[in-house]
file final.pdb (PDB, C-alpha atoms)
ATOM      1  CA  MET A 992       5.336 -18.779 -14.169
ATOM      2  CA  HIS A 993       6.030 -16.009 -11.653
ATOM      3  CA  LYS A 994       5.970 -16.012  -7.899
ATOM      4  CA  PRO A 995       3.344 -13.475  -6.793
ATOM      5  CA  PHE A 996       3.999 -10.161  -5.116
ATOM      6  CA  LEU A 997       2.455  -9.990  -1.646
ATOM      7  CA  ILE A 998       0.525  -6.722  -1.340
ATOM      8  CA  MET A 999      -0.100  -5.828   2.304
ATOM      9  CA  GLN A1000      -2.673  -3.136   3.045
ATOM     10  CA  LEU A1001      -3.650  -1.399   6.269
ATOM     11  CA  ARG A1002      -6.509   0.886   5.218
ATOM     12  CA  PRO A1003      -9.817   0.153   7.025
ATOM     13  CA  GLU A1004     -11.956   1.835   4.338
ATOM     14  CA  ASN A1005     -12.779  -0.347   1.341
ATOM     15  CA  ILE A1006     -12.876   2.600  -1.053
ATOM     16  CA  THR A1007      -9.324   3.748  -0.292
ATOM     17  CA  ALA A1008      -7.952   0.209   0.046
ATOM     18  CA  ASP A1009      -9.393  -0.808  -3.328
ATOM     19  CA  SER A1010      -8.133   2.378  -4.971
ATOM     20  CA  GLU A1011      -4.650   1.948  -3.491
ATOM     21  CA  PHE A1012      -4.509  -1.656  -4.686
ATOM     22  CA  ALA A1013      -5.550  -0.607  -8.201
ATOM     23  CA  ALA A1014      -2.848   2.096  -8.199
ATOM     24  CA  ILE A1015      -0.163  -0.386  -7.127
ATOM     25  CA  LEU A1016      -1.186  -2.652  -9.995
ATOM     26  CA  LYS A1017      -1.258   0.213 -12.509
ATOM     27  CA  TYR A1018       2.053   1.841 -11.698
ATOM     28  CA  GLY A1019       3.814  -1.376 -10.764
ATOM     29  CA  GLY A1020       2.920  -2.988 -14.084
ATOM     30  CA  LEU A1021       1.124  -5.840 -12.320
ATOM     31  CA  GLN A1022      -2.037  -7.829 -13.003
ATOM     32  CA  PRO A1023      -4.266  -9.109 -10.191
ATOM     33  CA  HIS A1024      -3.070 -12.670 -10.843
ATOM     34  CA  ASP A1025       0.523 -11.478 -10.229
ATOM     35  CA  THR A1026      -0.326 -10.677  -6.627
ATOM     36  CA  VAL A1027      -1.650 -11.974  -3.334
ATOM     37  CA  ARG A1028      -3.596  -9.250  -1.564
ATOM     38  CA  CYS A1029      -3.723  -9.161   2.229
ATOM     39  CA  ARG A1030      -5.933  -6.732   4.222
ATOM     40  CA  LEU A1031      -4.031  -6.635   7.512
ATOM     41  CA  GLU A1032      -6.474  -4.309   9.283
ATOM     42  CA  ARG A1033      -8.999  -7.147   9.322
ATOM     43  CA  SER A1034      -7.043  -9.848  11.139
ATOM     44  CA  GLY A1035      -3.383  -8.875  11.458
ATOM     45  CA  LEU A1036      -0.463 -10.544   9.707
ATOM     46  CA  PRO A1037      -0.810 -14.206   8.768
ATOM     47  CA  GLU A1038       2.006 -16.719   9.117
ATOM     48  CA  LEU A1039       4.061 -16.460   5.937
ATOM     49  CA  ASP A1040       6.547 -18.563   4.021
ATOM     50  CA  LEU A1041       8.480 -15.886   2.162
ATOM     51  CA  ASN A1042       9.808 -18.457  -0.301
ATOM     52  CA  HIS A1043       6.359 -18.412  -1.922
ATOM     53  CA  TYR A1044       6.627 -14.731  -2.943
ATOM     54  CA  SER A1045       8.757 -12.539  -5.189
ATOM     55  CA  ALA A1046       8.608  -9.535  -2.869
ATOM     56  CA  ILE A1047       6.393  -7.621  -0.435
ATOM     57  CA  ILE A1048       4.803  -4.205  -1.033
ATOM     58  CA  VAL A1049       3.156  -2.392   1.906
ATOM     59  CA  GLY A1050       0.840   0.585   1.409
ATOM     60  CA  GLY A1051      -0.230   3.468   3.608
ATOM     61  CA  SER A1052      -2.522   3.636   6.611
ATOM     62  CA  PRO A1053      -4.277   6.066   8.970
ATOM     63  CA  PHE A1054      -2.568   4.209  11.857
ATOM     64  CA  ASP A1055       0.345   6.116  13.463
ATOM     65  CA  VAL A1056       3.345   4.303  14.920
ATOM     66  CA  SER A1057       3.992   7.233  17.259
ATOM     67  CA  THR A1058       0.557   7.019  18.906
ATOM     68  CA  PRO A1059       0.996   6.138  22.611
ATOM     69  CA  ALA A1060       0.601   2.391  23.114
ATOM     70  CA  GLU A1061      -2.366   2.769  25.448
ATOM     71  CA  LEU A1062      -4.275   4.650  22.722
ATOM     72  CA  LYS A1063      -3.671   2.132  19.953
ATOM     73  CA  SER A1064      -6.462  -0.219  18.954
ATOM     74  CA  THR A1065      -6.099  -3.956  19.446
ATOM     75  CA  ILE A1066      -5.742  -4.521  15.707
ATOM     76  CA  GLN A1067      -3.027  -1.861  15.419
ATOM     77  CA  ARG A1068      -1.052  -3.489  18.205
ATOM     78  CA  GLN A1069      -1.479  -6.869  16.490
ATOM     79  CA  ILE A1070      -0.295  -5.423  13.175
ATOM     80  CA  GLU A1071       2.787  -3.797  14.710
ATOM     81  CA  SER A1072       3.687  -6.994  16.560
ATOM     82  CA  GLY A1073       3.262  -8.958  13.342
ATOM     83  CA  PHE A1074       5.527  -6.589  11.448
ATOM     84  CA  ARG A1075       8.273  -6.895  14.045
ATOM     85  CA  HIS A1076       8.230 -10.665  13.513
ATOM     86  CA  LEU A1077       8.082 -10.209   9.732
ATOM     87  CA  PHE A1078      11.023  -7.790   9.742
ATOM     88  CA  ASP A1079      13.068 -10.337  11.670
ATOM     89  CA  GLN A1080      12.584 -12.692   8.717
ATOM     90  CA  ILE A1081      13.001 -10.053   6.015
ATOM     91  CA  THR A1082      16.254  -8.639   7.394
ATOM     92  CA  ALA A1083      17.736 -12.095   7.967
ATOM     93  CA  MET A1084      17.000 -13.053   4.342
ATOM     94  CA  ASP A1085      17.503  -9.567   2.840
ATOM     95  CA  PHE A1086      14.113 -10.272   1.292
ATOM     96  CA  PRO A1087      12.777  -7.730  -1.238
ATOM     97  CA  PHE A1088      10.446  -5.291   0.515
ATOM     98  CA  LEU A1089       9.007  -1.881  -0.346
ATOM     99  CA  GLY A1090       7.086  -0.042   2.363
ATOM    100  CA  ALA A1091       5.375   3.263   1.535
ATOM    101  CA  CYS A1092       4.446   5.858   4.172
ATOM    102  CA  SER A1093       3.212   3.675   7.049
ATOM    103  CA  GLY A1094       5.553   0.946   5.783
ATOM    104  CA  ASN A1095       8.340   3.500   6.145
ATOM    105  CA  GLY A1096       7.384   4.230   9.752
ATOM    106  CA  LEU A1097       7.049   0.585  10.669
ATOM    107  CA  LEU A1098      10.447  -0.333   9.203
ATOM    108  CA  GLY A1099      12.110   2.775  10.598
ATOM    109  CA  ALA A1100      10.791   2.054  14.096
ATOM    110  CA  TYR A1101      11.937  -1.559  13.815
ATOM    111  CA  CYS A1102      15.452  -0.342  12.982
ATOM    112  CA  GLY A1103      15.463   1.902  16.037
ATOM    113  CA  ALA A1104      14.681   5.315  14.556
ATOM    114  CA  LYS A1105      12.490   7.698  16.519
ATOM    115  CA  ILE A1106       9.133   8.244  14.808
ATOM    116  CA  SER A1107       7.439  11.527  15.662
ATOM    117  CA  ARG A1108       5.343  14.358  14.237
ATOM    118  CA  GLN A1109       8.337  16.678  13.922
ATOM    119  CA  TYR A1110       8.602  16.199  10.141
ATOM    120  CA  ALA A1111       4.950  15.757   9.201
ATOM    121  CA  GLU A1112       4.042  17.027   5.727
ATOM    122  CA  PRO A1113       0.641  18.263   4.544
ATOM    123  CA  VAL A1114      -1.082  16.516   1.659
ATOM    124  CA  GLY A1115       0.406  17.644  -1.635
ATOM    125  CA  GLY A1116       3.349  17.524  -3.997
ATOM    126  CA  VAL A1117       6.941  18.142  -2.897
ATOM    127  CA  ASP A1118      10.374  17.990  -4.491
ATOM    128  CA  ILE A1119      12.709  15.365  -3.092
ATOM    129  CA  THR A1120      16.474  15.288  -3.607
ATOM    130  CA  LEU A1121      18.505  12.132  -4.070
ATOM    131  CA  THR A1122      21.662  11.518  -2.060
ATOM    132  CA  ASN A1123      24.988  10.499  -3.565
ATOM    133  CA  ALA A1124      24.268   6.906  -2.517
ATOM    134  CA  ALA A1125      21.179   6.900  -4.744
ATOM    135  CA  GLU A1126      23.331   7.319  -7.861
ATOM    136  CA  HIS A1127      24.291   3.656  -7.651
ATOM    137  CA  ASP A1128      21.000   2.268  -6.363
ATOM    138  CA  PRO A1129      19.193   0.061  -8.927
ATOM    139  CA  LEU A1130      15.804   1.667  -8.234
ATOM    140  CA  LEU A1131      17.096   5.233  -8.663
ATOM    141  CA  GLN A1132      20.102   5.082 -10.961
ATOM    142  CA  GLY A1133      19.751   7.561 -13.815
ATOM    143  CA  PHE A1134      17.007   9.583 -12.124
ATOM    144  CA  PRO A1135      17.231  13.381 -11.987
ATOM    145  CA  LYS A1136      18.767  14.688  -8.774
ATOM    146  CA  THR A1137      15.438  16.248  -7.785
ATOM    147  CA  PHE A1138      11.945  15.118  -8.737
ATOM    148  CA  ARG A1139       8.322  15.492  -7.693
ATOM    149  CA  VAL A1140       6.435  13.120  -5.361
ATOM    150  CA  LEU A1141       3.142  13.082  -3.479
ATOM    151  CA  VAL A1142       3.127  13.070   0.323
ATOM    152  CA  GLY A1143       0.741  13.406   3.229
ATOM    153  CA  HIS A1144       1.705  12.111   6.650
ATOM    154  CA  LYS A1145       1.405  13.008  10.303
ATOM    155  CA  GLU A1146       4.658  11.349  11.354
ATOM    156  CA  ALA A1147       8.060  10.419   9.941
ATOM    157  CA  CYS A1148      11.523   9.202  10.906
ATOM    158  CA  ASP A1149      13.354  11.876  12.877
ATOM    159  CA  GLU A1150      16.696  10.558  11.601
ATOM    160  CA  VAL A1151      18.084   7.933   9.253
ATOM    161  CA  PRO A1152      17.316   4.532  10.808
ATOM    162  CA  PRO A1153      20.405   2.855  12.279
ATOM    163  CA  GLY A1154      22.072   0.608   9.728
ATOM    164  CA  ALA A1155      20.170   2.105   6.779
ATOM    165  CA  THR A1156      21.353   4.026   3.724
ATOM    166  CA  LEU A1157      19.610   7.344   3.071
ATOM    167  CA  LEU A1158      18.529   7.624  -0.571
ATOM    168  CA  ALA A1159      16.298  10.710  -0.689
ATOM    169  CA  GLN A1160      15.309  13.695   1.434
ATOM    170  CA  SER A1161      13.321  16.911   1.163
ATOM    171  CA  ALA A1162      13.450  20.362   2.701
ATOM    172  CA  SER A1163      10.577  19.506   5.043
ATOM    173  CA  CYS A1164      11.377  15.825   5.759
ATOM    174  CA  PRO A1165      14.957  14.537   6.132
ATOM    175  CA  VAL A1166      14.137  10.859   5.446
ATOM    176  CA  GLN A1167      12.093  10.420   2.278
ATOM    177  CA  MET A1168      13.586   7.095   1.189
ATOM    178  CA  PHE A1169      16.053   4.638   2.668
ATOM    179  CA  ARG A1170      17.406   1.164   2.006
ATOM    180  CA  LEU A1171      18.296  -1.533   4.495
ATOM    181  CA  ARG A1172      20.887  -4.065   3.350
ATOM    182  CA  HIS A1173      20.513  -4.524  -0.439
ATOM    183  CA  ASN A1174      16.830  -5.260  -1.092
ATOM    184  CA  ILE A1175      14.740  -3.681   1.681
ATOM    185  CA  TYR A1176      13.301  -0.256   0.833
ATOM    186  CA  ALA A1177      11.028   2.305   2.430
ATOM    187  CA  THR A1178       9.609   5.575   1.106
ATOM    188  CA  GLN A1179       7.879   8.321   3.058
ATOM    189  CA  PHE A1180       6.255   9.434  -0.208
ATOM    190  CA  HIS A1181       3.661   7.408  -2.096
ATOM    191  CA  PRO A1182       5.130   5.866  -5.279
ATOM    192  CA  GLU A1183       1.665   4.570  -6.217
ATOM    193  CA  GLY A1184      -0.002   7.942  -5.709
ATOM    194  CA  ASP A1185      -1.418  10.166  -8.437
ATOM    195  CA  SER A1186      -3.702  13.188  -8.343
ATOM    196  CA  GLN A1187      -6.955  11.216  -8.557
ATOM    197  CA  GLU A1188      -5.824   8.780  -5.873
ATOM    198  CA  PHE A1189      -4.903  11.642  -3.550
ATOM    199  CA  ILE A1190      -8.142  13.508  -4.182
ATOM    200  CA  LEU A1191      -9.993  10.406  -3.007
ATOM    201  CA  ARG A1192      -7.803  10.231   0.113
ATOM    202  CA  ILE A1193      -8.363  13.930   0.858
ATOM    203  CA  LYS A1194     -12.105  13.345   0.782
ATOM    204  CA  THR A1195     -11.879  10.156   2.857
ATOM    205  CA  TYR A1196      -9.433  11.372   5.509
ATOM    206  CA  ARG A1197     -10.498  15.001   5.868
ATOM    207  CA  GLU A1198     -11.404  14.407   9.559
ATOM    208  CA  HIS A1199      -8.316  12.301  10.393
ATOM    209  CA  GLY A1200      -5.914  15.088  11.364
ATOM    210  CA  TYR A1201      -3.848  15.317   8.181
ATOM    211  CA  PHE A1202      -5.054  18.860   7.531
ATOM    212  CA  PRO A1203      -7.748  21.285   8.814
ATOM    213  CA  PRO A1204     -11.010  20.034   7.221
ATOM    214  CA  PRO A1205     -11.893  23.449   5.712
ATOM    215  CA  GLN A1206      -8.714  23.189   3.594
ATOM    216  CA  ALA A1207      -9.957  20.114   1.701
ATOM    217  CA  SER A1208     -11.211  22.007  -1.349
ATOM    218  CA  GLN A1209      -8.010  24.034  -1.567
ATOM    219  CA  LEU A1210      -5.882  20.882  -1.356
ATOM    220  CA  ILE A1211      -7.938  19.156  -4.044
ATOM    221  CA  ALA A1212      -7.462  22.130  -6.367
ATOM    222  CA  SER A1213      -3.720  22.311  -5.715
ATOM    223  CA  ILE A1214      -3.129  18.610  -6.299
ATOM    224  CA  ALA A1215      -5.224  18.231  -9.455
ATOM    225  CA  ASN A1216      -2.338  19.047 -11.800
ATOM    226  CA  GLU A1217       0.435  17.205  -9.982
ATOM    227  CA  HIS A1218       2.384  14.715 -12.127
ATOM    228  CA  THR A1219       4.895  12.347 -10.531
ATOM    229  CA  PRO A1220       6.282   9.989 -13.208
ATOM    230  CA  HIS A1221       9.623   9.392 -11.503
ATOM    231  CA  SER A1222       7.878   8.516  -8.270
ATOM    232  CA  HIS A1223       5.798   5.936 -10.152
ATOM    233  CA  ASN A1224       8.952   4.600 -11.755
ATOM    234  CA  VAL A1225      10.370   3.753  -8.323
ATOM    235  CA  LEU A1226       7.501   1.288  -7.897
ATOM    236  CA  ARG A1227       7.831  -0.044 -11.449
ATOM    237  CA  ARG A1228      11.570  -0.602 -11.101
ATOM    238  CA  PHE A1229      11.046  -2.428  -7.827
ATOM    239  CA  VAL A1230       8.544  -4.782  -9.482
ATOM    240  CA  ASP A1231      10.723  -5.327 -12.543
ATOM    241  CA  ARG A1232      13.824  -5.977 -10.457
ATOM    242  CA  TYR A1233      12.259  -8.520  -8.123
ATOM    243  CA  ARG A1234       9.790 -10.344 -10.339
ATOM    244  CA  THR A1235      10.799 -13.967  -9.824
ATOM    245  CA  THR A1236      10.253 -16.691 -12.399
ATOM    246  CA  ILE A1237       9.626 -20.225 -11.166
ATOM    247  CA  PRO A1238      11.342 -22.824 -13.361
ATOM    248  CA  VAL A1239       8.871 -25.086 -15.173
ATOM    249  CA  THR A1240      10.422 -28.135 -13.496
ATOM    250  CA  ALA A1241       9.462 -26.721 -10.095
ATOM    251  CA  ARG A1242       5.793 -27.274 -10.919
ATOM    252  CA  HIS A1243       6.116 -31.053 -11.402
TER     253      HIS A1243
END
call {"tool": "encode", "arguments": {"input": "final.pdb", "output": "structure tokens"}}
result
Amino acid sequence: MHKPFLIMQLRPENITADSEFAAILKYGGLQPHDTVRCRLERSGLPELDLNHYSAIIVGGSPFDVSTPAELKSTIQRQIESGFRHLFDQITAMDFPFLGACSGNGLLGAYCGAKISRQYAEPVGGVDITLTNAAEHDPLLQGFPKTFRVLVGHKEACDEVPPGATLLAQSASCPVQMFRLRHNIYATQFHPEGDSQEFILRIKTYREHGYFPPPQASQLIASIANEHTPHSHNVLRRFVDRYRTTIPVTARH
């Protein structure tokens, strides 16, 4: 018997939230019964006992951490407050965590990094380069020095978050992946993303400021043949590393 993975999502649209969840299952090697799914944009973060879970995976979101506080919705402010409390617990326990895109911004901001639009990247594929520290990281060991990932974000960490280890960077974004302590990870890229998933997001978010709307067709054409197997393997390795088995005696 395995402890479930807690999948936290922040996408208000059912179509993109459902697709993202399916992609996390597919590339993480998970079944629905291996997870507990939580739609945070509906009611914020619940009270959690982390001992009930193997790890936490957080997906992307149209919410921006760098949006001025007075312009943030009530639910966004609730979510950000909830994450600050959650990160207090996670960092104290060094609890396994993988935050993608918005999860990266939330964790980076918690650590004290400035989040801004300076290193935004348009929707598409980019090459990221691993740092020397990544050579000994269990999620990245044995990977090629440079590999392809899918990105699309309006904001990013301006610098490596204080106390974190930089694992990957790109020419257009200096913080593509970092680790806090031993088990807490964040990626600016989307390890669950594939071409079909991103085509859906292009169609859904064409009016959300990620790109000029007339470019949607061009972006869809350019992303159709993107393949990112190493990016997917980051997610799969995270799941395989932190899948926790509950001893049979614990059920009696």
call {"tool": "closest_atom_pairs", "arguments": {"input": "final.pdb", "of": "range 1198-1225 of chain A", "to": "range 1101-1116 of chain A", "cutoff": "10 Å", "atoms": "all atoms listed in the file", "output": "JSON lines"}}
result
{"residue": "A:Gly1200", "atom": "CA", "partner": "A:Pro1113", "partner_atom": "CA", "distance": 10.0}
{"residue": "A:Tyr1201", "atom": "CA", "partner": "A:Pro1113", "partner_atom": "CA", "distance": 6.5}
{"residue": "A:Phe1202", "atom": "CA", "partner": "A:Pro1113", "partner_atom": "CA", "distance": 6.5}
{"residue": "A:Pro1203", "atom": "CA", "partner": "A:Pro1113", "partner_atom": "CA", "distance": 9.9}
{"residue": "A:Ala1207", "atom": "CA", "partner": "A:Val1114", "partner_atom": "CA", "distance": 9.6}
{"residue": "A:Leu1210", "atom": "CA", "partner": "A:Gly1115", "partner_atom": "CA", "distance": 7.1}
{"residue": "A:Ile1211", "atom": "CA", "partner": "A:Gly1115", "partner_atom": "CA", "distance": 8.8}
{"residue": "A:Ser1213", "atom": "CA", "partner": "A:Gly1115", "partner_atom": "CA", "distance": 7.4}
{"residue": "A:Ile1214", "atom": "CA", "partner": "A:Gly1115", "partner_atom": "CA", "distance": 5.9}
{"residue": "A:Ala1215", "atom": "CA", "partner": "A:Gly1115", "partner_atom": "CA", "distance": 9.7}
{"residue": "A:Asn1216", "atom": "CA", "partner": "A:Gly1116", "partner_atom": "CA", "distance": 9.8}
{"residue": "A:Glu1217", "atom": "CA", "partner": "A:Gly1116", "partner_atom": "CA", "distance": 6.7}
{"residue": "A:His1218", "atom": "CA", "partner": "A:Gly1116", "partner_atom": "CA", "distance": 8.7}
{"residue": "A:Thr1219", "atom": "CA", "partner": "A:Gly1116", "partner_atom": "CA", "distance": 8.5}
call {"tool": "residues_near_point", "arguments": {"input": "final.pdb", "point": "(12.8, -0.9, -10.0)", "cutoff": "12 Å", "atoms": "only C-alpha atoms", "output": "mmCIF file with C-alpha atoms, keeping the file's coordinate frame"}}
result
data_model
loop_
_atom_site.group_PDB
_atom_site.id
_atom_site.type_symbol
_atom_site.label_atom_id
_atom_site.label_comp_id
_atom_site.auth_asym_id
_atom_site.auth_seq_id
_atom_site.Cartn_x
_atom_site.Cartn_y
_atom_site.Cartn_z
ATOM 1 C CA TYR A 1018 2.053 1.841 -11.698
ATOM 2 C CA GLY A 1019 3.814 -1.376 -10.764
ATOM 3 C CA GLY A 1020 2.920 -2.988 -14.084
ATOM 4 C CA ALA A 1046 8.608 -9.535 -2.869
ATOM 5 C CA PRO A 1087 12.777 -7.730 -1.238
ATOM 6 C CA PHE A 1088 10.446 -5.291 0.515
ATOM 7 C CA LEU A 1089 9.007 -1.881 -0.346
ATOM 8 C CA ASP A 1128 21.000 2.268 -6.363
ATOM 9 C CA PRO A 1129 19.193 0.061 -8.927
ATOM 10 C CA LEU A 1130 15.804 1.667 -8.234
ATOM 11 C CA LEU A 1131 17.096 5.233 -8.663
ATOM 12 C CA GLN A 1132 20.102 5.082 -10.961
ATOM 13 C CA GLY A 1133 19.751 7.561 -13.815
ATOM 14 C CA PHE A 1134 17.007 9.583 -12.124
ATOM 15 C CA ASN A 1174 16.830 -5.260 -1.092
ATOM 16 C CA TYR A 1176 13.301 -0.256 0.833
ATOM 17 C CA PRO A 1182 5.130 5.866 -5.279
ATOM 18 C CA HIS A 1221 9.623 9.392 -11.503
ATOM 19 C CA SER A 1222 7.878 8.516 -8.270
ATOM 20 C CA HIS A 1223 5.798 5.936 -10.152
ATOM 21 C CA ASN A 1224 8.952 4.600 -11.755
ATOM 22 C CA VAL A 1225 10.370 3.753 -8.323
ATOM 23 C CA LEU A 1226 7.501 1.288 -7.897
ATOM 24 C CA ARG A 1227 7.831 -0.044 -11.449
ATOM 25 C CA ARG A 1228 11.570 -0.602 -11.101
ATOM 26 C CA PHE A 1229 11.046 -2.428 -7.827
ATOM 27 C CA VAL A 1230 8.544 -4.782 -9.482
ATOM 28 C CA ASP A 1231 10.723 -5.327 -12.543
ATOM 29 C CA ARG A 1232 13.824 -5.977 -10.457
ATOM 30 C CA TYR A 1233 12.259 -8.520 -8.123
ATOM 31 C CA ARG A 1234 9.790 -10.344 -10.339
#
call {"tool": "closest_residue", "arguments": {"input": "final.pdb", "among": "A:Lys1194, A:His1144, A:Arg1002, A:Arg1170", "to": "Phe1086 in chain A", "atoms": "all atoms listed in the file"}}
result
A:Arg1170
call {"tool": "residues_near_point", "arguments": {"input": "final.pdb", "point": "(-13.3, 5.0, -2.7)", "cutoff": "12 Å", "atoms": "all atoms listed in the file", "output": "PDB file with C-alpha atoms, in the frame of the given file"}}
result
ATOM      1  CA  ARG A1002      -6.509   0.886   5.218  1.00  0.00           C
ATOM      2  CA  PRO A1003      -9.817   0.153   7.025  1.00  0.00           C
ATOM      3  CA  GLU A1004     -11.956   1.835   4.338  1.00  0.00           C
ATOM      4  CA  ASN A1005     -12.779  -0.347   1.341  1.00  0.00           C
ATOM      5  CA  ILE A1006     -12.876   2.600  -1.053  1.00  0.00           C
ATOM      6  CA  THR A1007      -9.324   3.748  -0.292  1.00  0.00           C
ATOM      7  CA  ALA A1008      -7.952   0.209   0.046  1.00  0.00           C
ATOM      8  CA  ASP A1009      -9.393  -0.808  -3.328  1.00  0.00           C
ATOM      9  CA  SER A1010      -8.133   2.378  -4.971  1.00  0.00           C
ATOM     10  CA  GLU A1011      -4.650   1.948  -3.491  1.00  0.00           C
ATOM     11  CA  PHE A1012      -4.509  -1.656  -4.686  1.00  0.00           C
ATOM     12  CA  ALA A1013      -5.550  -0.607  -8.201  1.00  0.00           C
ATOM     13  CA  GLN A1187      -6.955  11.216  -8.557  1.00  0.00           C
ATOM     14  CA  GLU A1188      -5.824   8.780  -5.873  1.00  0.00           C
ATOM     15  CA  PHE A1189      -4.903  11.642  -3.550  1.00  0.00           C
ATOM     16  CA  ILE A1190      -8.142  13.508  -4.182  1.00  0.00           C
ATOM     17  CA  LEU A1191      -9.993  10.406  -3.007  1.00  0.00           C
ATOM     18  CA  ARG A1192      -7.803  10.231   0.113  1.00  0.00           C
ATOM     19  CA  ILE A1193      -8.363  13.930   0.858  1.00  0.00           C
ATOM     20  CA  LYS A1194     -12.105  13.345   0.782  1.00  0.00           C
ATOM     21  CA  THR A1195     -11.879  10.156   2.857  1.00  0.00           C
ATOM     22  CA  TYR A1196      -9.433  11.372   5.509  1.00  0.00           C
TER      23      TYR A1196
END
call {"tool": "closest_residue", "arguments": {"input": "final.pdb", "among": "A:Asn1095, A:Gln1167, A:Thr1065, A:Thr1082", "to": "Val1117 in chain A", "atoms": "all atoms listed in the file"}}
result
A:Gln1167
call {"tool": "closest_residue", "arguments": {"input": "final.pdb", "among": "A:Thr1137, A:Arg1030, A:Thr1156, A:Asp1079", "to": "Gly1050 in chain A", "atoms": "all atoms listed in the file"}}
result
A:Arg1030
call {"tool": "resolve_selection", "arguments": {"input": "final.pdb", "expression": "the PyMOL selection byres ((chain A and resi 1166) around 12)", "output": "PDB file with C-alpha atoms, in the coordinates of the input"}}
result
ATOM      1  CA  CYS A1092       4.446   5.858   4.172  1.00  0.00           C
ATOM      2  CA  ASN A1095       8.340   3.500   6.145  1.00  0.00           C
ATOM      3  CA  GLY A1096       7.384   4.230   9.752  1.00  0.00           C
ATOM      4  CA  GLY A1099      12.110   2.775  10.598  1.00  0.00           C
ATOM      5  CA  ALA A1104      14.681   5.315  14.556  1.00  0.00           C
ATOM      6  CA  LYS A1105      12.490   7.698  16.519  1.00  0.00           C
ATOM      7  CA  ILE A1106       9.133   8.244  14.808  1.00  0.00           C
ATOM      8  CA  GLN A1109       8.337  16.678  13.922  1.00  0.00           C
ATOM      9  CA  TYR A1110       8.602  16.199  10.141  1.00  0.00           C
ATOM     10  CA  ALA A1111       4.950  15.757   9.201  1.00  0.00           C
ATOM     11  CA  GLU A1112       4.042  17.027   5.727  1.00  0.00           C
ATOM     12  CA  ILE A1119      12.709  15.365  -3.092  1.00  0.00           C
ATOM     13  CA  THR A1120      16.474  15.288  -3.607  1.00  0.00           C
ATOM     14  CA  LEU A1121      18.505  12.132  -4.070  1.00  0.00           C
ATOM     15  CA  THR A1122      21.662  11.518  -2.060  1.00  0.00           C
ATOM     16  CA  GLU A1146       4.658  11.349  11.354  1.00  0.00           C
ATOM     17  CA  ALA A1147       8.060  10.419   9.941  1.00  0.00           C
ATOM     18  CA  CYS A1148      11.523   9.202  10.906  1.00  0.00           C
ATOM     19  CA  ASP A1149      13.354  11.876  12.877  1.00  0.00           C
ATOM     20  CA  GLU A1150      16.696  10.558  11.601  1.00  0.00           C
ATOM     21  CA  VAL A1151      18.084   7.933   9.253  1.00  0.00           C
ATOM     22  CA  PRO A1152      17.316   4.532  10.808  1.00  0.00           C
ATOM     23  CA  ALA A1155      20.170   2.105   6.779  1.00  0.00           C
ATOM     24  CA  THR A1156      21.353   4.026   3.724  1.00  0.00           C
ATOM     25  CA  LEU A1157      19.610   7.344   3.071  1.00  0.00           C
ATOM     26  CA  LEU A1158      18.529   7.624  -0.571  1.00  0.00           C
ATOM     27  CA  ALA A1159      16.298  10.710  -0.689  1.00  0.00           C
ATOM     28  CA  GLN A1160      15.309  13.695   1.434  1.00  0.00           C
ATOM     29  CA  SER A1161      13.321  16.911   1.163  1.00  0.00           C
ATOM     30  CA  ALA A1162      13.450  20.362   2.701  1.00  0.00           C
ATOM     31  CA  SER A1163      10.577  19.506   5.043  1.00  0.00           C
ATOM     32  CA  CYS A1164      11.377  15.825   5.759  1.00  0.00           C
ATOM     33  CA  PRO A1165      14.957  14.537   6.132  1.00  0.00           C
ATOM     34  CA  GLN A1167      12.093  10.420   2.278  1.00  0.00           C
ATOM     35  CA  MET A1168      13.586   7.095   1.189  1.00  0.00           C
ATOM     36  CA  PHE A1169      16.053   4.638   2.668  1.00  0.00           C
ATOM     37  CA  ARG A1170      17.406   1.164   2.006  1.00  0.00           C
ATOM     38  CA  ALA A1177      11.028   2.305   2.430  1.00  0.00           C
ATOM     39  CA  THR A1178       9.609   5.575   1.106  1.00  0.00           C
ATOM     40  CA  GLN A1179       7.879   8.321   3.058  1.00  0.00           C
ATOM     41  CA  PHE A1180       6.255   9.434  -0.208  1.00  0.00           C
TER      42      PHE A1180
END
call {"tool": "axis_aligned_box", "arguments": {"input": "final.pdb", "around": "range 1140-1149 of chain A", "padding_each_side": "3 Å", "output": "AutoDock Vina command-line options"}}
result
--center_x 7.0 --center_y 11.3 --center_z 3.8 --size_x 18.6 --size_y 10.2 --size_z 24.2
call {"tool": "atom_distance", "arguments": {"input": "final.pdb", "atom1": "CA of Asp1055 in chain A", "atom2": "CA of Ser1093 in chain A"}}
result
7.4 Å
call {"tool": "resolve_selection", "arguments": {"input": "final.pdb", "expression": "the PyMOL selection byres ((chain A and resi 1066) around 12)", "output": "compact mmCIF listing (two decimals) with C-alpha atoms, in the coordinates of the input"}}
result
# COMPACT_ATOMS: atom_id res chain seq x y z
CA LEU A 1001 -3.65 -1.40 6.27
CA ARG A 1002 -6.51 0.89 5.22
CA PRO A 1003 -9.82 0.15 7.02
CA ARG A 1030 -5.93 -6.73 4.22
CA LEU A 1031 -4.03 -6.64 7.51
CA GLU A 1032 -6.47 -4.31 9.28
CA ARG A 1033 -9.00 -7.15 9.32
CA SER A 1034 -7.04 -9.85 11.14
CA GLY A 1035 -3.38 -8.88 11.46
CA LEU A 1036 -0.46 -10.54 9.71
CA PHE A 1054 -2.57 4.21 11.86
CA ALA A 1060 0.60 2.39 23.11
CA LEU A 1062 -4.28 4.65 22.72
CA LYS A 1063 -3.67 2.13 19.95
CA SER A 1064 -6.46 -0.22 18.95
CA THR A 1065 -6.10 -3.96 19.45
CA GLN A 1067 -3.03 -1.86 15.42
CA ARG A 1068 -1.05 -3.49 18.20
CA GLN A 1069 -1.48 -6.87 16.49
CA ILE A 1070 -0.30 -5.42 13.18
CA GLU A 1071 2.79 -3.80 14.71
CA SER A 1072 3.69 -6.99 16.56
CA GLY A 1073 3.26 -8.96 13.34
